[in-house]
file run_22.cif (mmCIF, C-alpha atoms and all ligand atoms)
data_model
#
loop_
_atom_site.label_atom_id
_atom_site.label_comp_id
_atom_site.auth_asym_id
_atom_site.auth_seq_id
_atom_site.Cartn_x
_atom_site.Cartn_y
_atom_site.Cartn_z
CA MET I 233 133.63 235.21 58.70
CA GLY I 234 135.67 236.91 55.96
CA MET I 235 134.22 239.49 53.59
CA ASP I 236 136.59 239.66 50.64
CA THR I 237 134.46 241.41 48.00
CA LYS I 238 136.92 240.25 45.31
CA ALA I 239 134.97 236.99 45.49
CA LEU I 240 132.01 238.81 43.90
CA ARG I 241 134.25 239.90 41.03
CA THR I 242 134.60 236.28 39.90
CA PHE I 243 130.99 236.21 38.66
CA GLN I 244 130.62 236.38 34.88
CA TYR I 245 128.08 238.58 33.08
CA GLY I 246 127.18 239.98 29.68
CA LEU I 247 126.31 243.59 28.96
CA TYR I 248 122.85 244.61 27.75
CA LEU I 249 120.64 247.57 26.97
CA LEU I 250 117.40 247.30 28.91
CA SER I 251 114.60 249.35 27.37
CA ALA I 252 110.96 250.17 27.99
CA VAL I 253 108.29 252.71 27.14
CA ASP I 254 106.88 254.65 30.07
CA GLU I 255 103.21 255.42 30.61
CA GLY I 256 103.54 258.70 28.74
CA GLY I 257 104.97 256.96 25.67
CA ARG I 258 108.57 258.08 26.28
CA GLU I 259 111.26 255.58 25.26
CA VAL I 260 113.73 254.92 28.08
CA GLY I 261 116.63 252.59 28.63
CA CYS I 262 119.80 251.83 30.55
CA VAL I 263 122.80 249.50 30.58
CA VAL I 264 122.52 246.38 32.72
CA ASN I 265 124.89 243.52 33.30
CA THR I 266 122.37 241.57 35.36
CA GLY I 267 120.33 239.86 32.68
CA MET I 268 119.98 236.15 32.08
CA GLN I 269 117.69 233.37 30.91
CA LEU I 270 116.03 231.92 33.97
CA THR I 271 113.85 229.06 32.68
CA SER I 272 113.21 227.20 29.43
CA ARG I 273 109.62 226.03 30.01
CA PRO I 274 108.37 228.65 29.53
CA TYR I 275 111.16 230.92 28.27
CA ARG I 276 111.72 233.41 31.04
CA VAL I 277 114.41 236.04 31.48
CA MET I 278 115.38 238.09 34.53
CA VAL I 279 116.89 241.52 35.00
CA ALA I 280 117.83 243.38 38.19
CA VAL I 281 117.04 247.09 38.02
CA ASN I 282 117.95 249.85 40.46
CA HIS I 283 114.96 251.57 42.07
CA ASP I 284 116.36 255.01 41.15
CA ASN I 285 116.58 254.28 37.43
CA VAL I 286 114.02 255.87 35.13
CA THR I 287 113.85 252.54 33.32
CA TYR I 288 112.86 250.85 36.59
CA ALA I 289 109.77 253.07 36.99
CA ALA I 290 108.73 252.43 33.38
CA ILE I 291 108.99 248.63 33.73
CA LYS I 292 107.29 248.67 37.13
CA ARG I 293 104.25 250.47 35.68
CA THR I 294 104.00 249.01 32.18
CA ARG I 295 105.31 245.50 33.03
CA ARG I 296 107.20 245.13 29.79
CA PHE I 297 110.90 245.31 28.93
CA ALA I 298 113.26 244.55 26.06
CA LEU I 299 116.78 243.26 26.64
CA THR I 300 119.31 243.81 23.86
CA THR I 301 122.58 241.89 23.95
CA LEU I 302 125.41 244.29 23.07
CA SER I 303 128.23 243.14 20.85
CA ARG I 304 131.94 243.84 21.15
CA GLU I 305 131.47 246.58 18.57
CA ALA I 306 129.73 248.69 21.23
CA ASP I 307 131.70 251.85 21.92
CA MET I 308 131.99 253.85 25.08
CA GLY I 309 129.71 256.54 23.66
CA LEU I 310 126.85 254.04 23.47
CA ILE I 311 127.56 252.47 26.86
CA GLY I 312 128.22 255.82 28.53
CA GLY I 313 125.09 257.36 27.02
CA PHE I 314 122.86 254.60 28.39
CA GLY I 315 124.81 253.69 31.52
CA PHE I 316 125.73 257.00 33.13
CA ARG I 317 122.80 259.32 32.42
CA HIS I 318 119.13 259.19 33.31
CA SER I 319 116.53 258.97 30.56
CA ASP I 320 114.76 262.09 31.85
CA ALA I 321 117.89 264.14 31.04
CA ALA I 322 118.19 262.99 27.44
CA ASP I 323 116.54 261.02 24.67
CA LYS I 324 119.04 258.19 24.74
CA PHE I 325 117.83 256.73 21.44
CA ALA I 326 118.20 259.97 19.45
CA GLY I 327 120.52 259.57 16.48
CA LEU I 328 120.84 255.79 16.84
CA ASP I 329 119.64 253.05 14.50
CA VAL I 330 116.49 252.09 16.42
CA ASP I 331 113.84 249.46 15.71
CA HIS I 332 110.88 248.23 17.78
CA THR I 333 109.80 244.86 19.14
CA ALA I 334 106.34 243.39 18.57
CA ALA I 335 104.94 245.34 21.52
CA GLY I 336 106.63 248.54 20.37
CA LEU I 337 109.62 248.64 22.72
CA PRO I 338 112.70 250.37 21.28
CA TYR I 339 116.01 248.59 20.73
CA VAL I 340 119.24 249.68 19.08
CA ARG I 341 120.51 247.79 16.06
CA THR I 342 124.03 249.20 16.22
CA ALA I 343 126.52 246.98 18.03
CA ALA I 344 123.74 244.60 19.02
CA ALA I 345 123.62 240.82 18.75
CA ALA I 346 119.99 240.07 19.65
CA VAL I 347 116.93 241.33 21.48
CA VAL I 348 114.23 239.69 23.56
CA GLU I 349 110.98 241.35 24.59
CA CYS I 350 109.39 240.23 27.84
CA ALA I 351 106.15 240.65 29.75
CA VAL I 352 106.77 240.79 33.50
CA VAL I 353 105.28 237.82 35.34
CA THR I 354 106.72 238.43 38.78
CA ALA I 355 109.00 240.86 40.62
CA LEU I 356 111.12 240.58 43.74
CA ASP I 357 112.41 243.52 45.77
CA ALA I 358 116.01 242.49 46.42
CA GLY I 359 117.35 245.64 48.15
CA SER I 360 118.97 248.31 45.98
CA HIS I 361 117.49 246.54 42.95
CA GLU I 362 114.28 244.85 41.99
CA VAL I 363 114.39 241.61 40.06
CA PHE I 364 111.90 241.45 37.20
CA VAL I 365 111.13 238.05 35.74
CA GLY I 366 109.64 238.30 32.28
CA GLU I 367 108.18 235.79 29.87
CA VAL I 368 109.67 236.11 26.39
CA THR I 369 107.07 237.47 23.96
CA ASP I 370 109.35 238.29 21.01
CA ALA I 371 112.96 237.25 20.27
CA ARG I 372 115.13 238.37 17.34
CA VAL I 373 118.72 237.87 16.29
CA ILE I 374 119.97 241.25 15.06
CA ASP I 375 123.44 240.25 13.88
CA PRO I 376 124.18 236.52 13.72
CA LYS I 377 127.93 237.20 13.43
CA ALA I 378 128.10 239.54 16.43
CA GLU I 379 130.17 238.44 19.37
CA PRO I 380 128.36 239.27 22.61
CA LEU I 381 130.08 241.79 24.85
CA THR I 382 131.02 240.45 28.26
CA TYR I 383 131.32 242.42 31.47
CA ALA I 384 134.96 241.27 31.73
CA TYR I 385 135.77 242.59 28.24
CA TYR I 386 134.08 245.89 29.14
CA HIS I 387 136.33 246.25 32.17
CA ASP I 388 139.58 244.73 30.96
CA VAL I 389 139.70 245.89 27.33
CA LEU I 390 137.38 248.87 27.03
CA ARG I 391 138.51 250.06 30.49
CA GLY I 392 134.92 250.76 31.51
CA THR I 393 133.75 251.44 35.04
CA THR I 394 130.61 250.44 36.91
CA PRO I 395 128.44 253.15 38.53
CA PRO I 396 126.86 252.71 41.98
CA ALA I 397 123.44 252.13 40.39
CA ALA I 398 124.65 248.83 38.91
CA SER I 399 123.81 245.71 40.87
CA ALA I 400 127.38 244.47 40.49
CA PHE I 401 128.88 247.71 41.88
CA ILE I 402 131.48 247.06 44.55
CA ALA I 403 132.11 250.09 46.75
CA ASP I 404 135.77 249.48 47.54
CA GLU I 405 136.80 248.69 43.99
CA PRO I 406 139.66 250.85 42.65
CA ALA I 407 138.99 253.03 39.57
CA PRO I 408 140.78 251.91 36.40
CA ALA I 409 144.34 253.17 36.27
CA ALA I 410 145.47 255.67 33.67
CA GLY I 411 147.65 254.57 30.81
CA PRO I 412 147.45 252.01 28.08
CA ALA I 413 145.05 249.11 28.36
CA PRO I 414 146.47 245.80 29.55
CA ALA I 415 147.82 243.47 26.91
CA VAL I 416 145.16 241.31 25.29
CA PRO I 417 145.37 238.78 22.49
CA GLU I 418 145.31 240.56 19.13
CA ALA I 419 142.12 238.86 17.98
CA VAL I 420 140.37 240.16 21.08
CA ALA I 421 141.83 243.65 21.04
CA GLU I 422 141.35 244.36 17.35
CA PRO I 423 137.65 245.32 17.08
CA ALA I 424 137.65 247.81 19.94
CA PRO I 425 140.86 249.70 20.70
CA ALA I 426 141.09 250.79 24.33
CA PRO I 427 139.90 254.39 24.67
CA ALA I 428 142.32 255.21 27.48
CA ALA I 429 145.42 254.55 25.36
CA PRO I 430 147.60 257.64 24.93
CA ALA I 431 146.75 259.62 21.80
CA GLU I 432 150.41 260.22 21.03
CA SER I 433 153.79 259.38 22.46
CA GLY I 434 155.08 261.71 25.17
CA ALA I 435 151.58 262.10 26.67
CA LYS I 436 151.81 262.85 30.35
CA HIS I 437 148.74 264.65 31.69
CA HIS I 438 145.77 262.81 33.14
CA PHE I 439 142.23 264.08 33.66
CA LYS I 440 139.62 262.11 35.58
CA CYS I 441 135.88 262.27 34.91
CA ASN I 442 134.13 262.82 38.24
CA LEU I 443 130.96 261.28 36.85
CA CYS I 444 132.13 257.89 35.62
CA GLY I 445 135.78 257.64 36.70
CA TYR I 446 137.23 257.51 33.17
CA VAL I 447 140.85 258.69 33.02
CA TYR I 448 141.89 260.56 29.89
CA GLU I 449 145.58 260.82 29.01
CA THR I 450 146.91 263.60 26.78
CA ALA I 451 150.06 265.56 26.00
CA ASP I 452 148.14 268.83 26.45
CA ASP I 453 147.99 270.34 29.90
CA GLU I 454 144.39 271.52 29.40
CA LEU I 455 141.32 269.91 27.90
CA PRO I 456 139.64 271.69 24.97
CA ASP I 457 136.47 273.63 25.97
CA ASP I 458 134.21 271.32 23.94
CA PHE I 459 135.75 268.16 25.38
CA ARG I 460 133.27 265.44 26.32
CA CYS I 461 133.97 262.29 28.31
CA PRO I 462 134.20 259.47 25.75
CA MET I 463 132.60 257.12 28.26
CA CYS I 464 129.70 259.02 29.78
CA GLY I 465 129.46 262.25 27.78
CA ALA I 466 130.18 264.55 30.75
CA ALA I 467 131.43 268.08 29.92
CA LYS I 468 134.97 269.36 30.53
CA SER I 469 133.85 270.94 33.84
CA MET I 470 133.31 267.43 35.27
CA PHE I 471 137.01 266.57 34.87
CA SER I 472 139.67 266.94 37.55
CA LYS I 473 143.30 267.21 36.51
CA LEU I 474 145.34 264.48 38.19
CA ASP I 475 148.80 265.52 36.96
C1 LIG V 1 128.63 248.45 33.10
C2 LIG V 1 127.33 248.89 33.70
C3 LIG V 1 126.49 247.96 34.29
C4 LIG V 1 125.28 248.35 34.84
N1 LIG V 1 124.45 247.40 35.37
C5 LIG V 1 123.26 247.76 35.87
C6 LIG V 1 122.34 246.78 36.34
O1 LIG V 1 122.58 245.57 36.26
N2 LIG V 1 121.16 247.21 36.86
C7 LIG V 1 120.84 248.55 36.93
O2 LIG V 1 119.76 248.88 37.41
N3 LIG V 1 121.69 249.50 36.49
C8 LIG V 1 122.88 249.14 35.95
N4 LIG V 1 123.74 250.09 35.47
C9 LIG V 1 123.44 251.51 35.71
C10 LIG V 1 122.42 252.13 34.79
O3 LIG V 1 122.71 251.84 33.44
C11 LIG V 1 122.44 253.65 35.03
O4 LIG V 1 122.04 253.92 36.36
C12 LIG V 1 121.60 254.45 34.06
O5 LIG V 1 122.02 255.80 34.09
C13 LIG V 1 120.11 254.40 34.37
O6 LIG V 1 119.42 255.09 33.36
P1 LIG V 1 117.86 255.43 33.49
O7 LIG V 1 117.70 256.25 34.75
O8 LIG V 1 117.56 256.22 32.27
O9 LIG V 1 117.13 254.13 33.57
C14 LIG V 1 124.92 249.71 34.84
C15 LIG V 1 125.75 250.66 34.23
C16 LIG V 1 126.94 250.26 33.64
C17 LIG V 1 127.80 251.28 32.97
#

call {"tool": "encode", "arguments": {"input": "run_22.cif", "output": "structure tokens"}}
result
Amino acid sequence: MGMDTKALRTFQYGLYLLSAVDEGGREVGCVVNTGMQLTSRPYRVMVAVNHDNVTYAAIKRTRRFALTTLSREADMGLIGGFGFRHSDAADKFAGLDVDHTAAGLPYVRTAAAAVVECAVVTALDAGSHEVFVGEVTDARVIDPKAEPLTYAYYHDVLRGTTPPAASAFIADEPAPAAGPAPAVPEAVAEPAPAPAAPAESGAKHHFKCNLCGYVYETADDELPDDFRCPMCGAAKSMFSKLD
């Protein structure tokens, strides 16, 4: 039997912020691509959450979560902040436009299309991740004009990567190559320019973030001391010079 993991890459997903409040009242959250409506009678939604995520522990204990659909306006700072750091290392909601669902779960209003709040009705341990099925207890459209961000757009246009904690992580997948983003139709490319595009012509040095795999291209042969990874926020010391 063949095992071509490229087959798994044909699945389509959106990109969401999953949030919860832990038992101590701390607001936590992470990026997930594994979120979907599961049933219509009653309205139930599922998410798959890695056992090592801080957000997992909060949902497991409090049995509530909110799932915010990101829009194409989402930048790599937002996705990197929620998708590559743990909530015990930072208040991920600090400085963002945050509101709360009926049960008091936080959600961001910036670059967000909608949010649903759920009460967990059942959970399934699926291996690296646990599947939580939640009944929808509150649902709000945040921006009716927002175009939901897809996992494909995140990879192909924003040049994002997927960390091992994601359920759709594929171990043998190559990191995104340096250089300009692939050509995309203008209407698609316009709202979110690719972050990996060279800052100026003649750029020739590449630095790779060891945390999230982002490749930064610049004409300078050193990164400034206060440089931060535009995708995951890692400091300059996390970068390796490729050439
Ligand atoms: C594109 C992308 C997709 C992700 N998908 C998932 C997912 O479906 N499930 C999951 O548990 N983690 C996923 N992650 C990883 C979590 O967002 C990441 O482990 C985060 O740092 C966990 O934060 P926390 O410990 O504060 O909960 C994804 C990350 C990215 C960037």

call {"tool": "closest_residue", "arguments": {"input": "run_22.cif", "among": "I:Tyr383, I:Thr287, I:Lys324, I:Thr271", "to": "I:Gly312", "atoms": "only C-alpha atoms"}}
result
I:Lys324

call {"tool": "closest_residue", "arguments": {"input": "run_22.cif", "among": "I:Val347, I:Leu337, I:Leu240, I:Val447", "to": "I:Asp475", "atoms": "all atoms listed in the file"}}
result
I:Val447

call {"tool": "closest_atom_pairs", "arguments": {"input": "run_22.cif", "of": "chain I", "to": "ligand LIG 1 (chain V)", "cutoff": "9 Å", "atoms": "all atoms listed in the file", "output": "JSON lines"}}
result
{"residue": "I:Leu247", "atom": "CA", "partner": "V:LIG1", "partner_atom": "C1", "distance": 6.8}
{"residue": "I:Tyr248", "atom": "CA", "partner": "V:LIG1", "partner_atom": "C3", "distance": 8.2}
{"residue": "I:Leu249", "atom": "CA", "partner": "V:LIG1", "partner_atom": "O3", "distance": 8.0}
{"residue": "I:Leu250", "atom": "CA", "partner": "V:LIG1", "partner_atom": "O9", "distance": 8.3}
{"residue": "I:Ser251", "atom": "CA", "partner": "V:LIG1", "partner_atom": "O9", "distance": 8.2}
{"residue": "I:Val260", "atom": "CA", "partner": "V:LIG1", "partner_atom": "O8", "distance": 5.8}
{"residue": "I:Gly261", "atom": "CA", "partner": "V:LIG1", "partner_atom": "O9", "distance": 5.2}
{"residue": "I:Cys262", "atom": "CA", "partner": "V:LIG1", "partner_atom": "O3", "distance": 4.1}
{"residue": "I:Val263", "atom": "CA", "partner": "V:LIG1", "partner_atom": "O3", "distance": 3.7}
{"residue": "I:Val264", "atom": "CA", "partner": "V:LIG1", "partner_atom": "N1", "distance": 3.4}
{"residue": "I:Asn265", "atom": "CA", "partner": "V:LIG1", "partner_atom": "O1", "distance": 4.3}
{"residue": "I:Thr266", "atom": "CA", "partner": "V:LIG1", "partner_atom": "O1", "distance": 4.1}
{"residue": "I:Gly267", "atom": "CA", "partner": "V:LIG1", "partner_atom": "O1", "distance": 7.1}
{"residue": "I:Val279", "atom": "CA", "partner": "V:LIG1", "partner_atom": "O1", "distance": 7.1}
{"residue": "I:Ala280", "atom": "CA", "partner": "V:LIG1", "partner_atom": "N2", "distance": 5.2}
{"residue": "I:Val281", "atom": "CA", "partner": "V:LIG1", "partner_atom": "O2", "distance": 3.3}
{"residue": "I:Asn282", "atom": "CA", "partner": "V:LIG1", "partner_atom": "O2", "distance": 3.7}
{"residue": "I:His283", "atom": "CA", "partner": "V:LIG1", "partner_atom": "O2", "distance": 7.2}
{"residue": "I:Asp284", "atom": "CA", "partner": "V:LIG1", "partner_atom": "O7", "distance": 6.7}
{"residue": "I:Asn285", "atom": "CA", "partner": "V:LIG1", "partner_atom": "O7", "distance": 3.5}
{"residue": "I:Val286", "atom": "CA", "partner": "V:LIG1", "partner_atom": "O7", "distance": 3.7}
{"residue": "I:Thr287", "atom": "CA", "partner": "V:LIG1", "partner_atom": "O9", "distance": 3.7}
{"residue": "I:Tyr288", "atom": "CA", "partner": "V:LIG1", "partner_atom": "O9", "distance": 6.2}
{"residue": "I:Ala289", "atom": "CA", "partner": "V:LIG1", "partner_atom": "O9", "distance": 8.2}
{"residue": "I:Ala290", "atom": "CA", "partner": "V:LIG1", "partner_atom": "O9", "distance": 8.6}
{"residue": "I:Ile311", "atom": "CA", "partner": "V:LIG1", "partner_atom": "C17", "distance": 6.2}
{"residue": "I:Gly312", "atom": "CA", "partner": "V:LIG1", "partner_atom": "C17", "distance": 6.4}
{"residue": "I:Gly313", "atom": "CA", "partner": "V:LIG1", "partner_atom": "O5", "distance": 7.9}
{"residue": "I:Phe314", "atom": "CA", "partner": "V:LIG1", "partner_atom": "O3", "distance": 5.8}
{"residue": "I:Gly315", "atom": "CA", "partner": "V:LIG1", "partner_atom": "O3", "distance": 3.4}
{"residue": "I:Phe316", "atom": "CA", "partner": "V:LIG1", "partner_atom": "O5", "distance": 4.0}
{"residue": "I:Arg317", "atom": "CA", "partner": "V:LIG1", "partner_atom": "O5", "distance": 4.0}
{"residue": "I:His318", "atom": "CA", "partner": "V:LIG1", "partner_atom": "O8", "distance": 3.5}
{"residue": "I:Ser319", "atom": "CA", "partner": "V:LIG1", "partner_atom": "O8", "distance": 3.4}
{"residue": "I:Asp320", "atom": "CA", "partner": "V:LIG1", "partner_atom": "O8", "distance": 6.5}
{"residue": "I:Ala321", "atom": "CA", "partner": "V:LIG1", "partner_atom": "O8", "distance": 8.0}
{"residue": "I:Ala322", "atom": "CA", "partner": "V:LIG1", "partner_atom": "O8", "distance": 8.3}
{"residue": "I:Lys324", "atom": "CA", "partner": "V:LIG1", "partner_atom": "O8", "distance": 7.9}
{"residue": "I:Ser360", "atom": "CA", "partner": "V:LIG1", "partner_atom": "O2", "distance": 8.6}
{"residue": "I:His361", "atom": "CA", "partner": "V:LIG1", "partner_atom": "O2", "distance": 6.4}
{"residue": "I:Glu362", "atom": "CA", "partner": "V:LIG1", "partner_atom": "O2", "distance": 8.2}
{"residue": "I:Tyr383", "atom": "CA", "partner": "V:LIG1", "partner_atom": "C1", "distance": 6.8}
{"residue": "I:Tyr386", "atom": "CA", "partner": "V:LIG1", "partner_atom": "C1", "distance": 7.2}
{"residue": "I:His387", "atom": "CA", "partner": "V:LIG1", "partner_atom": "C1", "distance": 8.1}
{"residue": "I:Gly392", "atom": "CA", "partner": "V:LIG1", "partner_atom": "C1", "distance": 6.9}
{"residue": "I:Thr393", "atom": "CA", "partner": "V:LIG1", "partner_atom": "C1", "distance": 6.2}
{"residue": "I:Thr394", "atom": "CA", "partner": "V:LIG1", "partner_atom": "C1", "distance": 4.7}
{"residue": "I:Pro395", "atom": "CA", "partner": "V:LIG1", "partner_atom": "C15", "distance": 5.7}
{"residue": "I:Pro396", "atom": "CA", "partner": "V:LIG1", "partner_atom": "C9", "distance": 7.2}
{"residue": "I:Ala397", "atom": "CA", "partner": "V:LIG1", "partner_atom": "O4", "distance": 4.6}
{"residue": "I:Ala398", "atom": "CA", "partner": "V:LIG1", "partner_atom": "C8", "distance": 3.5}
{"residue": "I:Ser399", "atom": "CA", "partner": "V:LIG1", "partner_atom": "O1", "distance": 4.8}
{"residue": "I:Ala400", "atom": "CA", "partner": "V:LIG1", "partner_atom": "O1", "distance": 6.5}
{"residue": "I:Phe401", "atom": "CA", "partner": "V:LIG1", "partner_atom": "N1", "distance": 7.9}
{"residue": "I:Cys444", "atom": "CA", "partner": "V:LIG1", "partner_atom": "C17", "distance": 8.3}
{"residue": "I:Met463", "atom": "CA", "partner": "V:LIG1", "partner_atom": "C17", "distance": 8.9}
{"residue": "I:Cys464", "atom": "CA", "partner": "V:LIG1", "partner_atom": "C17", "distance": 8.6}

call {"tool": "closest_residue", "arguments": {"input": "run_22.cif", "among": "I:Leu328, I:Ala346, I:Phe297, I:Phe471", "to": "I:Pro376", "atoms": "only C-alpha atoms"}}
result
I:Ala346

call {"tool": "residues_near_point", "arguments": {"input": "run_22.cif", "point": "(112.7, 233.7, 32.3)", "cutoff": "8 Å", "atoms": "all atoms listed in the file", "output": "ChimeraX atom specification"}}
result
/I:268-272,274-278,365-368

call {"tool": "residues_around", "arguments": {"input": "run_22.cif", "residues": "I:Leu474", "least_positions_apart": "3", "cutoff": "9 Å", "atoms": "all atoms listed in the file", "output": "PyMOL selection string"}}
result
chain I and resi 437-440+447

call {"tool": "residues_around", "arguments": {"input": "run_22.cif", "residues": "I:Ile291", "least_positions_apart": "6", "cutoff": "9 Å", "atoms": "all atoms listed in the file", "output": "JSON list (two decimals) with C-alpha atoms, keeping the file's coordinate frame"}}
result
[["chain", "number", "residue", "atom", "x", "y", "z"],
["I", 251, "SER", "CA", 114.60, 249.35, 27.37],
["I", 252, "ALA", "CA", 110.96, 250.17, 27.99],
["I", 253, "VAL", "CA", 108.29, 252.71, 27.14],
["I", 254, "ASP", "CA", 106.88, 254.65, 30.07],
["I", 297, "PHE", "CA", 110.90, 245.31, 28.93],
["I", 352, "VAL", "CA", 106.77, 240.79, 33.50],
["I", 364, "PHE", "CA", 111.90, 241.45, 37.20]]

call {"tool": "residues_near_point", "arguments": {"input": "run_22.cif", "point": "(101.7, 252.3, 31.1)", "cutoff": "6 Å", "atoms": "all atoms listed in the file", "output": "PyMOL selection string"}}
result
chain I and resi 254-255+293-294

call {"tool": "closest_residue", "arguments": {"input": "run_22.cif", "among": "I:Asp375, I:Asp357, I:Asp329, I:Asp323", "to": "I:Ala344", "atoms": "all atoms listed in the file"}}
result
I:Asp375

call {"tool": "closest_residue", "arguments": {"input": "run_22.cif", "among": "I:Met235, I:Ala467, I:Ala355, I:Ala345", "to": "I:Glu379", "atoms": "all atoms listed in the file"}}
result
I:Ala345

call {"tool": "atom_distance", "arguments": {"input": "run_22.cif", "atom1": "atom CA of I:Ala403", "atom2": "atom CA of I:Asp236"}}
result
12.0 Å

call {"tool": "atom_distance", "arguments": {"input": "run_22.cif", "atom1": "atom CA of I:Thr382", "atom2": "atom CA of I:Glu305"}}
result
11.5 Å

call {"tool": "closest_residue", "arguments": {"input": "run_22.cif", "among": "I:Ser303, I:Val353, I:Ser472, I:Thr369", "to": "I:Ala334", "atoms": "only C-alpha atoms"}}
result
I:Thr369

call {"tool": "atom_distance", "arguments": {"input": "run_22.cif", "atom1": "atom CA of I:Thr301", "atom2": "atom CA of I:His332"}}
result
14.7 Å

call {"tool": "build_atoms", "arguments": {"input": "run_22.cif", "residues": "stretch 377-388 of chain I", "atoms": "N, CA, C and O atoms", "output": "PDB file, keeping the file's coordinate frame"}}
result
ATOM      1  N   LYS I 377     126.462 237.307  13.327  1.00  0.00           N
ATOM      2  CA  LYS I 377     127.930 237.200  13.430  1.00  0.00           C
ATOM      3  C   LYS I 377     128.477 237.947  14.660  1.00  0.00           C
ATOM      4  O   LYS I 377     129.656 237.851  14.980  1.00  0.00           O
ATOM      5  N   ALA I 378     127.621 238.705  15.313  1.00  0.00           N
ATOM      6  CA  ALA I 378     128.100 239.540  16.430  1.00  0.00           C
ATOM      7  C   ALA I 378     128.595 238.680  17.583  1.00  0.00           C
ATOM      8  O   ALA I 378     127.985 237.668  17.930  1.00  0.00           O
ATOM      9  N   GLU I 379     129.667 239.133  18.182  1.00  0.00           N
ATOM     10  CA  GLU I 379     130.170 238.440  19.370  1.00  0.00           C
ATOM     11  C   GLU I 379     129.674 239.197  20.602  1.00  0.00           C
ATOM     12  O   GLU I 379     129.962 240.399  20.753  1.00  0.00           O
ATOM     13  N   PRO I 380     128.909 238.550  21.456  1.00  0.00           N
ATOM     14  CA  PRO I 380     128.360 239.270  22.610  1.00  0.00           C
ATOM     15  C   PRO I 380     129.449 239.884  23.503  1.00  0.00           C
ATOM     16  O   PRO I 380     130.503 239.284  23.715  1.00  0.00           O
ATOM     17  N   LEU I 381     129.158 241.079  23.960  1.00  0.00           N
ATOM     18  CA  LEU I 381     130.080 241.790  24.850  1.00  0.00           C
ATOM     19  C   LEU I 381     129.952 241.225  26.265  1.00  0.00           C
ATOM     20  O   LEU I 381     128.850 241.066  26.761  1.00  0.00           O
ATOM     21  N   THR I 382     131.078 240.933  26.870  1.00  0.00           N
ATOM     22  CA  THR I 382     131.020 240.450  28.260  1.00  0.00           C
ATOM     23  C   THR I 382     131.415 241.589  29.201  1.00  0.00           C
ATOM     24  O   THR I 382     132.100 242.537  28.823  1.00  0.00           O
ATOM     25  N   TYR I 383     130.991 241.446  30.418  1.00  0.00           N
ATOM     26  CA  TYR I 383     131.320 242.420  31.470  1.00  0.00           C
ATOM     27  C   TYR I 383     132.835 242.467  31.664  1.00  0.00           C
ATOM     28  O   TYR I 383     133.421 243.530  31.876  1.00  0.00           O
ATOM     29  N   ALA I 384     133.499 241.324  31.560  1.00  0.00           N
ATOM     30  CA  ALA I 384     134.960 241.270  31.730  1.00  0.00           C
ATOM     31  C   ALA I 384     135.657 242.046  30.611  1.00  0.00           C
ATOM     32  O   ALA I 384     136.598 242.803  30.852  1.00  0.00           O
ATOM     33  N   TYR I 385     135.176 241.881  29.371  1.00  0.00           N
ATOM     34  CA  TYR I 385     135.770 242.590  28.240  1.00  0.00           C
ATOM     35  C   TYR I 385     135.575 244.099  28.418  1.00  0.00           C
ATOM     36  O   TYR I 385     136.466 244.895  28.150  1.00  0.00           O
ATOM     37  N   TYR I 386     134.379 244.475  28.886  1.00  0.00           N
ATOM     38  CA  TYR I 386     134.080 245.890  29.140  1.00  0.00           C
ATOM     39  C   TYR I 386     135.087 246.483  30.126  1.00  0.00           C
ATOM     40  O   TYR I 386     135.597 247.577  29.950  1.00  0.00           O
ATOM     41  N   HIS I 387     135.395 245.741  31.169  1.00  0.00           N
ATOM     42  CA  HIS I 387     136.330 246.250  32.170  1.00  0.00           C
ATOM     43  C   HIS I 387     137.776 246.165  31.705  1.00  0.00           C
ATOM     44  O   HIS I 387     138.534 247.133  31.795  1.00  0.00           O
ATOM     45  N   ASP I 388     138.159 244.987  31.192  1.00  0.00           N
ATOM     46  CA  ASP I 388     139.580 244.730  30.960  1.00  0.00           C
ATOM     47  C   ASP I 388     140.094 245.334  29.665  1.00  0.00           C
ATOM     48  O   ASP I 388     141.255 245.709  29.580  1.00  0.00           O
TER      49      ASP I 388
END
